[in-house]
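Reviewing the structure listed below.
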Amino acid sequence: MGSNKQQMPPQIWAVASGKGGVGKSFVAANLAMALASHEKKAVLVDLDLGSANAHTCLGINHPSTTLSDLLHQKININTLVERGHHPFIGLISGASDDLNMANLKHYQKLKIIRNLSRLDADYVILDLGAGTGFNTLDFFLAADQGILVVMPEPTSIENSYRFIRSMLTRQLKSLPKAQQRLAYHVYQERQSLNHIQSFASFVAAMVEKHPEQAKLIQNNIKQLRVNLIVNQVFEPSDVKLGDGMKVVTKKFFGLDMNLLGHLYHDTQVIQSLKQKLAYYQTFPQCRNATYLHRLAARIITKREQELRLS
Amino acid sequence: MSHRMAKQPTYYEILNVSSEASALGIVKAYREIKEIYQPGSLATYSLYSEEELAKINERIEEAYLVLSNPEARRVYDEQINLASSSQPDKVKTRSSQRIHVKSCKPGVEKQALPEYVDGKVLRQLRESQGITLDDIAKKTNIPKLYLQAIEVDDASAFPGHFYFKSYLQQYAECIGLDPQQTWEAYQVHVKD
């Protein structure tokens with residue numbers, strides 16, 4: 001089973017959240033662990049560049065090599081991978097001390113993205129910085145699949161929608177220059193028309209005014225693969241939040257999101273962090289661990305389906 | 001405001017339900033959408049002002065009032081069908097652009113619908129006319145991935161029921177089949 005898989009480039013999943021503290025690094029790290037437990041090689045890449053701490057979630061000590069080595073020297077990215085407790089798990093750390101890493105130049109981002117697909121792994125999980133910084137948005141858009149982590153709390157939801165909006169406007173940048181200018185023009189025009197406007201209505205305005213360009217934008221949006229995980233669910237009614245957000249995102253932004261699943265609030269998460277242990281490994285019988293296991297299974301089937309079709 | 005309303009969604013779109021939904025399906029959809037857009041709902045937090053939410057809820061009620069009444073629904077169905085064929089209505093332009101694609105190559109003739117329809121049959125019918133998947137993809141703007149999914153009966157590949165149906169119908173049209181009939185026949189064998 002495994003032999004021909006090695007030539008295939010890994011599938012890159014980017015994990016982001018609109019707001020910090022919703023458990024993004026936790027989800028990214030434990031998803032990588034869960035994938036490893038399905039016997040898939042997973043490498044967690046900490047791209048939360050200013051404040052990297054994925055190693056803590058994995059229960060690995062601060063790694064000696066970091067991504068910034070990749071930018072400053074000519075080395076194979078595979079040599080940067082720190083091995084974890086599980087043979088199938090690896091970690092590449094972002095540099096928490098290098099000041100320049102938090103503000104990457106465009107060509108540096110491209111270099112990182114290019115190198116990621118050379119990793120010897122089945123899955124590469126990117127732990128991105130919270131918020132709507134350009135680093136985060138660009139890596140999110142460049143990945144094969146994106147995961148947006150949200151928790152049932154107004155601030156988190158507000159910032160998630162802000163993230164989606166920023167991501168959609170950022171991806172207008174991938175249009176050819178002339179089209180881009182047109183799109184921005186219409187966008188600003190719409191924005192001045194009414195203070196709050198849905199991205200869907202902007203696209204509708206584009207369809208009306210510049211149908212050709214609108215087709216490009218619609219195609220780009222269709223190509224985005226955004227998945228949603230509702231984390232830190234307290235009450236059963238919170239589970240429904242994911243379905244609601246999916247409907248609203250479709251109507252307001254014209255974006256089809258895939259609801260990947262939800263995870264429960266669990267105080268043992270903090271405990272495992274304090275003990276410098278990986279949650280998934282420490283409490284494998286936990287409800288969340290079984291949910292993570294299932295999420296990983298969904299990710300795997302999703303990819304297998306895609307591969308079968310292409 | 002009136003300018004913004006240029007593109008009016010249908011009642012079905014408002015309730016987020018297929019136009020073929022059963023009466024029960026309408027009730028279910030109504031309850032779900034009401035919950036999402038109720039004041040204080042988390043799912044819509046920060047996206048709409050109070051007035052906008054009130055307006056949306058008004059439209060949801062209006063949609064439900066019509067669609068939950070079989071007679072009113074029938075009349076409404078006729079109305080929107082009329083609107084889309086007689087005048088280029090804004091609601092329909094996007095979908096009709098796609099759905100009214102005639103065949104891919106000039107000279108593709110109307111084909112009789114085979115008795116048994118599945119992905120394999122469709123592929124044979126397509127190949128017998130010398131149409132490639134790329135032809136269809138180019139014409140309809142549907143990613144090839146989904147066209148292939150149609151031919152291997154993989155309904156789970158689609159992001160939603162709507163796309164599945166829409167893509168299949170466009171595909172059918174491209175190889176000279178009647179979109180609606182093809183969809184109905186295909187559905188019998190392939191569950192989504």
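Ordering of the structure tokens sets the chain letters (A, B, ...), residue numbers begin anew at 1 in every chain, and ligands are numbered from 1 in the order given.
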Cut-off 7 Å: closest chain B/chain A atom pairs per residue, using only C-alpha atoms, as JSON lines:
{"residue": "B:Ile36", "atom": "CA", "partner": "A:Gly244", "partner_atom": "CA", "distance": 5.5}
{"residue": "B:Leu42", "atom": "CA", "partner": "A:Pro154", "partner_atom": "CA", "distance": 6.3}
{"residue": "B:Ala43", "atom": "CA", "partner": "A:Met245", "partner_atom": "CA", "distance": 5.0}
{"residue": "B:Thr44", "atom": "CA", "partner": "A:Val248", "partner_atom": "CA", "distance": 6.7}
{"residue": "B:Tyr45", "atom": "CA", "partner": "A:Glu158", "partner_atom": "CA", "distance": 6.1}
{"residue": "B:Ser46", "atom": "CA", "partner": "A:Glu158", "partner_atom": "CA", "distance": 5.5}
{"residue": "B:Leu145", "atom": "CA", "partner": "A:Leu309", "partner_atom": "CA", "distance": 5.9}
{"residue": "B:Gln148", "atom": "CA", "partner": "A:Leu309", "partner_atom": "CA", "distance": 6.3}
{"residue": "B:Ala149", "atom": "CA", "partner": "A:Leu309", "partner_atom": "CA", "distance": 6.4}
### Message
Quick one: residues within 12 Å of Pro70 in chain B, only C-alpha atoms, excluding same-chain residues fewer than 3 positions away - as a ChimeraX atom specification?
### Response
/B:21-24,26,64-67,73-77
For the residues in that selection, give me all heavy atoms as a CSV table (one decimal), in the first residue's frame.
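Written file, part.csv:
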chain,number,residue,atom,x,y,z
B,21,ALA,N,-38.6,19.9,-3.3
B,21,ALA,CA,-38.8,19.4,-1.9
B,21,ALA,C,-40.3,19.1,-1.6
B,21,ALA,O,-41.2,19.7,-2.1
B,21,ALA,CB,-38.3,20.5,-0.9
B,22,SER,N,-40.4,18.1,-0.7
B,22,SER,CA,-41.8,17.7,-0.3
B,22,SER,C,-42.3,18.7,0.7
B,22,SER,O,-41.5,19.6,1.2
B,22,SER,CB,-41.7,16.3,0.4
B,22,SER,OG,-41.0,16.4,1.5
B,23,ALA,N,-43.6,18.6,1.0
B,23,ALA,CA,-44.2,19.5,2.0
B,23,ALA,C,-43.4,19.4,3.3
B,23,ALA,O,-43.2,20.4,4.0
B,23,ALA,CB,-45.7,19.2,2.2
B,24,LEU,N,-43.1,18.2,3.7
B,24,LEU,CA,-42.4,18.0,4.9
B,24,LEU,C,-41.0,18.6,4.9
B,24,LEU,O,-40.5,19.2,5.8
B,24,LEU,CB,-42.3,16.5,5.2
B,24,LEU,CG,-41.8,16.2,6.7
B,24,LEU,CD1,-42.9,16.5,7.6
B,24,LEU,CD2,-41.5,14.7,6.8
B,26,ILE,N,-40.2,21.2,3.2
B,26,ILE,CA,-40.3,22.7,3.3
B,26,ILE,C,-40.4,23.1,4.8
B,26,ILE,O,-39.8,24.0,5.2
B,26,ILE,CB,-41.6,23.1,2.6
B,26,ILE,CG1,-41.5,22.8,1.1
B,26,ILE,CG2,-41.8,24.6,2.8
B,26,ILE,CD1,-40.9,23.8,0.2
B,64,TYR,N,-42.3,31.0,3.3
B,64,TYR,CA,-42.9,29.8,3.9
B,64,TYR,C,-44.4,29.9,3.7
B,64,TYR,O,-45.0,28.8,3.4
B,64,TYR,CB,-42.6,29.8,5.4
B,64,TYR,CG,-43.2,28.6,6.1
B,64,TYR,CD1,-42.9,27.3,5.7
B,64,TYR,CD2,-44.2,28.7,7.0
B,64,TYR,CE1,-43.4,26.2,6.3
B,64,TYR,CE2,-44.8,27.6,7.6
B,64,TYR,CZ,-44.4,26.4,7.3
B,64,TYR,OH,-44.9,25.3,7.9
B,65,LEU,N,-45.0,31.1,3.8
B,65,LEU,CA,-46.4,31.2,3.6
B,65,LEU,C,-46.9,30.7,2.2
B,65,LEU,O,-47.9,30.0,2.1
B,65,LEU,CB,-46.8,32.7,3.7
B,65,LEU,CG,-48.2,33.0,4.3
B,65,LEU,CD1,-48.3,32.5,5.7
B,65,LEU,CD2,-48.5,34.5,4.2
B,66,VAL,N,-46.1,31.0,1.2
B,66,VAL,CA,-46.4,30.6,-0.1
B,66,VAL,C,-46.1,29.1,-0.3
B,66,VAL,O,-47.0,28.3,-0.8
B,66,VAL,CB,-45.7,31.4,-1.2
B,66,VAL,CG1,-45.8,30.8,-2.6
B,66,VAL,CG2,-46.2,32.8,-1.1
B,67,LEU,N,-44.9,28.7,0.1
B,67,LEU,CA,-44.5,27.3,-0.3
B,67,LEU,C,-45.2,26.3,0.6
B,67,LEU,O,-45.2,25.1,0.2
B,67,LEU,CB,-43.0,27.2,-0.1
B,67,LEU,CG,-42.1,28.0,-1.1
B,67,LEU,CD1,-40.7,27.7,-1.0
B,67,LEU,CD2,-42.6,27.9,-2.5
B,73,ARG,N,-48.2,27.4,-3.9
B,73,ARG,CA,-46.9,27.0,-4.4
B,73,ARG,C,-46.9,26.7,-5.9
B,73,ARG,O,-46.0,27.0,-6.6
B,73,ARG,CB,-46.4,25.8,-3.6
B,73,ARG,CG,-45.1,25.3,-4.0
B,73,ARG,CD,-44.7,24.1,-3.1
B,73,ARG,NE,-43.4,23.5,-3.6
B,73,ARG,CZ,-42.9,22.4,-3.2
B,73,ARG,NH1,-43.4,21.7,-2.2
B,73,ARG,NH2,-41.7,21.9,-3.7
B,74,ARG,N,-48.0,26.0,-6.3
B,74,ARG,CA,-48.2,25.7,-7.7
B,74,ARG,C,-48.2,26.9,-8.5
B,74,ARG,O,-47.5,27.0,-9.5
B,74,ARG,CB,-49.5,24.9,-7.9
B,74,ARG,CG,-49.5,24.1,-9.2
B,74,ARG,CD,-50.9,23.4,-9.4
B,74,ARG,NE,-52.0,24.4,-9.3
B,74,ARG,CZ,-52.3,25.2,-10.2
B,74,ARG,NH1,-51.6,25.3,-11.3
B,74,ARG,NH2,-53.3,26.1,-10.0
B,75,VAL,N,-49.0,27.9,-8.1
B,75,VAL,CA,-49.0,29.2,-8.8
B,75,VAL,C,-47.7,29.8,-8.9
B,75,VAL,O,-47.2,30.3,-9.9
B,75,VAL,CB,-50.1,30.1,-8.1
B,75,VAL,CG1,-50.0,31.5,-8.8
B,75,VAL,CG2,-51.5,29.5,-8.2
B,76,TYR,N,-47.0,29.8,-7.7
B,76,TYR,CA,-45.7,30.4,-7.7
B,76,TYR,C,-44.7,29.7,-8.6
B,76,TYR,O,-43.9,30.4,-9.3
B,76,TYR,CB,-45.1,30.4,-6.3
B,76,TYR,CG,-43.7,31.0,-6.1
B,76,TYR,CD1,-43.5,32.4,-6.2
B,76,TYR,CD2,-42.6,30.2,-5.9
B,76,TYR,CE1,-42.2,32.9,-6.1
B,76,TYR,CE2,-41.4,30.7,-5.8
B,76,TYR,CZ,-41.2,32.0,-5.9
B,76,TYR,OH,-39.9,32.6,-5.9
B,77,ASP,N,-44.7,28.4,-8.6
B,77,ASP,CA,-43.8,27.6,-9.5
B,77,ASP,C,-44.0,28.1,-10.9
B,77,ASP,O,-43.1,28.2,-11.7
B,77,ASP,CB,-44.1,26.1,-9.4
B,77,ASP,CG,-43.5,25.6,-8.1
B,77,ASP,OD1,-42.7,26.3,-7.5
B,77,ASP,OD2,-43.8,24.4,-7.8
### Task
Considering only C-alpha atoms, return as a VMD selection string whatever protein or nucleic-acid residues lie within 9 Å of Gly84 in chain A, sequence-local ones (same chain, fewer than 3 positions apart) excluded.
chain A and resid 58 to 60 87 to 91
### Task
Measuring atom to atom with only C-alpha atoms, identify which of A:Cys57, A:Leu104, A:Leu255, A:Ala29 is nearest to Gln271 in chain A.
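Once distances to Gln271 in chain A are computed over only C-alpha atoms, the minimum belongs to A:Cys57.
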### Query
Ser160 in chain A: which residues within 9 Å, counting only C-alpha atoms, same-chain residues fewer than 4 positions away excluded, as a VMD selection string?
chain A and resid 17 to 19 131 148 to 150 155 to 156 164 to 165
### Task
Give the answer as one residue: which of B:Ser156, B:Thr10, B:Gln79, B:Gln111 has the shortest atom-to-atom distance to Arg126 in chain B, using only C-alpha atoms?
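Checking each of B:Ser156, B:Thr10, B:Gln79, B:Gln111 against Arg126 in chain B, counting only C-alpha atoms, the winner is B:Gln111.
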What's the 12 Å shell around Leu172 in chain A, counting only C-alpha atoms, without same-chain residues fewer than 2 positions away, as a short mmCIF file (atom, residue, chain, number, x, y, z; two decimals) with N, CA, C and O atoms, in the first residue's frame?
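Final output, part.cif:
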data_model
loop_
_atom_site.label_atom_id
_atom_site.label_comp_id
_atom_site.auth_asym_id
_atom_site.auth_seq_id
_atom_site.Cartn_x
_atom_site.Cartn_y
_atom_site.Cartn_z
N LEU A 137 -3.23 34.42 5.27
CA LEU A 137 -4.14 34.32 4.14
C LEU A 137 -3.46 33.65 2.96
O LEU A 137 -4.04 32.80 2.29
N ASP A 138 -2.22 34.03 2.68
CA ASP A 138 -1.54 33.49 1.51
C ASP A 138 -1.26 32.00 1.65
O ASP A 138 -1.45 31.24 0.70
N LEU A 141 -4.59 30.15 1.27
CA LEU A 141 -5.05 30.06 -0.12
C LEU A 141 -4.17 29.12 -0.94
O LEU A 141 -4.64 28.51 -1.89
N ARG A 165 -14.03 36.88 4.67
CA ARG A 165 -14.08 38.04 3.79
C ARG A 165 -12.67 38.43 3.33
O ARG A 165 -12.43 38.66 2.15
N SER A 166 -11.73 38.47 4.26
CA SER A 166 -10.35 38.84 3.90
C SER A 166 -9.77 37.84 2.91
O SER A 166 -9.08 38.22 1.97
N MET A 167 -10.08 36.58 3.15
CA MET A 167 -9.55 35.55 2.26
C MET A 167 -10.09 35.73 0.84
O MET A 167 -9.36 35.63 -0.13
N LEU A 168 -11.40 36.01 0.77
CA LEU A 168 -12.01 36.16 -0.56
C LEU A 168 -11.47 37.39 -1.27
O LEU A 168 -11.22 37.36 -2.48
N THR A 169 -11.29 38.48 -0.54
CA THR A 169 -10.76 39.68 -1.20
C THR A 169 -9.29 39.47 -1.55
O THR A 169 -8.83 39.92 -2.58
N ARG A 170 -8.58 38.76 -0.68
CA ARG A 170 -7.16 38.50 -0.96
C ARG A 170 -7.03 37.65 -2.22
O ARG A 170 -6.09 37.83 -3.00
N SER A 174 -5.19 37.04 -7.19
CA SER A 174 -4.67 36.05 -8.13
C SER A 174 -5.21 36.30 -9.54
O SER A 174 -4.80 35.63 -10.49
N LEU A 175 -6.11 37.25 -9.70
CA LEU A 175 -6.63 37.58 -11.03
C LEU A 175 -5.55 38.34 -11.80
O LEU A 175 -4.68 38.96 -11.22
N PRO A 176 -5.63 38.31 -13.14
CA PRO A 176 -4.74 39.16 -13.93
C PRO A 176 -4.94 40.63 -13.55
O PRO A 176 -6.03 41.02 -13.15
N LYS A 177 -3.88 41.40 -13.72
CA LYS A 177 -3.86 42.77 -13.23
C LYS A 177 -5.09 43.61 -13.64
O LYS A 177 -5.71 44.28 -12.81
N ALA A 178 -5.44 43.58 -14.92
CA ALA A 178 -6.53 44.43 -15.40
C ALA A 178 -7.85 44.04 -14.73
O ALA A 178 -8.60 44.89 -14.25
N GLN A 179 -8.08 42.74 -14.67
CA GLN A 179 -9.32 42.25 -14.05
C GLN A 179 -9.35 42.62 -12.58
O GLN A 179 -10.39 42.94 -12.02
N GLN A 180 -8.17 42.55 -11.99
CA GLN A 180 -8.06 42.84 -10.57
C GLN A 180 -8.52 44.27 -10.30
O GLN A 180 -9.28 44.53 -9.37
N ARG A 181 -8.04 45.20 -11.14
CA ARG A 181 -8.38 46.60 -10.94
C ARG A 181 -9.89 46.81 -11.06
O ARG A 181 -10.51 47.49 -10.26
N LEU A 182 -10.45 46.16 -12.09
CA LEU A 182 -11.89 46.24 -12.29
C LEU A 182 -12.65 45.74 -11.05
O LEU A 182 -13.57 46.39 -10.56
N ALA A 183 -12.21 44.59 -10.56
CA ALA A 183 -12.90 43.97 -9.43
C ALA A 183 -12.82 44.88 -8.21
O ALA A 183 -13.83 45.09 -7.53
N TYR A 184 -11.64 45.41 -7.94
CA TYR A 184 -11.49 46.28 -6.78
C TYR A 184 -12.38 47.51 -6.91
O TYR A 184 -12.96 48.00 -5.95
N HIS A 185 -12.44 48.00 -8.15
CA HIS A 185 -13.27 49.17 -8.39
C HIS A 185 -14.72 48.88 -8.03
O HIS A 185 -15.35 49.62 -7.28
N VAL A 186 -15.23 47.79 -8.56
CA VAL A 186 -16.63 47.43 -8.27
C VAL A 186 -16.80 47.19 -6.77
O VAL A 186 -17.78 47.62 -6.17
N TYR A 187 -15.82 46.53 -6.18
CA TYR A 187 -15.90 46.21 -4.76
C TYR A 187 -16.03 47.48 -3.92
O TYR A 187 -16.88 47.58 -3.04
N PHE A 199 -20.42 39.49 0.19
CA PHE A 199 -19.51 39.22 -0.91
C PHE A 199 -20.31 38.67 -2.10
O PHE A 199 -20.00 38.94 -3.25
N VAL A 203 -20.28 39.84 -6.04
CA VAL A 203 -20.11 38.98 -7.21
C VAL A 203 -21.30 39.15 -8.16
O VAL A 203 -21.13 39.19 -9.38
N GLN A 213 -15.23 38.77 -16.36
CA GLN A 213 -14.38 38.78 -15.17
C GLN A 213 -15.06 38.06 -14.01
O GLN A 213 -14.41 37.39 -13.22
N ALA A 214 -16.39 38.23 -13.95
CA ALA A 214 -17.12 37.60 -12.86
C ALA A 214 -16.95 36.09 -12.92
O ALA A 214 -16.83 35.42 -11.90
N LEU A 216 -14.39 34.45 -13.89
CA LEU A 216 -13.08 34.11 -13.29
C LEU A 216 -13.19 34.06 -11.77
O LEU A 216 -12.70 33.14 -11.12
N ILE A 217 -13.84 35.10 -11.21
CA ILE A 217 -13.96 35.17 -9.75
C ILE A 217 -14.78 33.99 -9.24
O ILE A 217 -14.40 33.32 -8.28
N GLN A 218 -15.89 33.73 -9.90
CA GLN A 218 -16.74 32.62 -9.46
C GLN A 218 -15.99 31.30 -9.52
O GLN A 218 -16.10 30.47 -8.63
N ASN A 219 -15.20 31.15 -10.58
CA ASN A 219 -14.41 29.93 -10.69
C ASN A 219 -13.40 29.81 -9.58
O ASN A 219 -13.20 28.75 -9.01
N ASN A 220 -12.76 30.94 -9.28
CA ASN A 220 -11.77 30.94 -8.19
C ASN A 220 -12.43 30.55 -6.87
O ASN A 220 -11.88 29.78 -6.10
N ILE A 221 -13.61 31.11 -6.62
CA ILE A 221 -14.29 30.81 -5.36
C ILE A 221 -14.68 29.34 -5.31
O ILE A 221 -14.57 28.68 -4.28
#
## Note on the structure
CA of Gly146 in chain A to CA of Ile299 in chain A measures 11.3 Å
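Interatomic distance, CA of Gln268 in chain A to CA of Ala54 in chain A: 17.3 Å.
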#### Entry: Closest of A:Ile125, A:Leu71, A:Val15, A:Leu80 to Lys105 in chain A - atom-to-atom distances counting only C-alpha atoms
A:Leu71
Neighbour list for Ala297 in chain A as an mmCIF file with N, CA and C atoms, in the first residue's frame, cut-off 12 Å, only C-alpha atoms, skip fewer than 6 positions in-chain:
data_model
loop_
_atom_site.group_PDB
_atom_site.id
_atom_site.type_symbol
_atom_site.label_atom_id
_atom_site.label_comp_id
_atom_site.auth_asym_id
_atom_site.auth_seq_id
_atom_site.Cartn_x
_atom_site.Cartn_y
_atom_site.Cartn_z
ATOM 1 N N LEU A 31 -4.689 16.679 15.025
ATOM 2 C CA LEU A 31 -5.108 16.109 13.748
ATOM 3 C C LEU A 31 -3.930 15.375 13.107
ATOM 4 N N ALA A 32 -2.755 15.988 13.224
ATOM 5 C CA ALA A 32 -1.549 15.333 12.696
ATOM 6 C C ALA A 32 -1.327 14.011 13.418
ATOM 7 N N MET A 33 -1.519 14.026 14.747
ATOM 8 C CA MET A 33 -1.366 12.792 15.524
ATOM 9 C C MET A 33 -2.383 11.746 15.089
ATOM 10 N N ALA A 34 -3.616 12.201 14.894
ATOM 11 C CA ALA A 34 -4.676 11.266 14.512
ATOM 12 C C ALA A 34 -4.393 10.672 13.137
ATOM 13 N N LEU A 35 -3.884 11.491 12.228
ATOM 14 C CA LEU A 35 -3.536 10.972 10.902
ATOM 15 C C LEU A 35 -2.435 9.925 11.022
ATOM 16 N N ALA A 36 -1.473 10.204 11.914
ATOM 17 C CA ALA A 36 -0.379 9.254 12.118
ATOM 18 C C ALA A 36 -0.920 7.930 12.657
ATOM 19 N N SER A 37 -1.934 8.019 13.516
ATOM 20 C CA SER A 37 -2.489 6.794 14.075
ATOM 21 C C SER A 37 -3.250 6.000 13.017
ATOM 22 N N HIS A 38 -3.619 6.652 11.923
ATOM 23 C CA HIS A 38 -4.209 5.940 10.779
ATOM 24 C C HIS A 38 -3.101 5.428 9.857
ATOM 25 N N GLU A 39 -1.866 5.484 10.336
ATOM 26 C CA GLU A 39 -0.705 5.054 9.570
ATOM 27 C C GLU A 39 -0.483 5.908 8.332
ATOM 28 N N LYS A 40 -0.723 7.189 8.482
ATOM 29 C CA LYS A 40 -0.374 8.130 7.426
ATOM 30 C C LYS A 40 0.771 8.990 7.951
ATOM 31 N N LEU A 260 -16.523 19.833 8.584
ATOM 32 C CA LEU A 260 -15.713 18.650 8.846
ATOM 33 C C LEU A 260 -16.135 17.956 10.140
ATOM 34 N N GLY A 261 -16.560 18.732 11.139
ATOM 35 C CA GLY A 261 -16.990 18.120 12.390
ATOM 36 C C GLY A 261 -16.798 19.058 13.563
ATOM 37 N N THR A 290 -11.603 10.298 20.120
ATOM 38 C CA THR A 290 -12.324 9.500 19.124
ATOM 39 C C THR A 290 -12.862 10.398 18.011
ATOM 40 N N TYR A 291 -13.260 11.606 18.392
ATOM 41 C CA TYR A 291 -13.734 12.539 17.364
ATOM 42 C C TYR A 291 -12.592 12.917 16.427
ATOM 43 N N ARG A 303 -9.531 12.631 0.489
ATOM 44 C CA ARG A 303 -8.419 12.654 -0.459
ATOM 45 C C ARG A 303 -8.492 11.457 -1.396
ATOM 46 N N GLU A 304 -8.824 10.303 -0.830
ATOM 47 C CA GLU A 304 -8.872 9.107 -1.669
ATOM 48 C C GLU A 304 -9.919 9.249 -2.763
#
### Query
Pick the closest to Gln232 in chain A from A:Lys24, A:Lys274, A:Arg114, A:His265: which is it, counting only C-alpha atoms?
A:His265
### Query
Using only C-alpha atoms, which residue out of A:Met151, A:Val45, A:Ile113, A:Val27 lies closest to His293 in chain A?
A:Val27
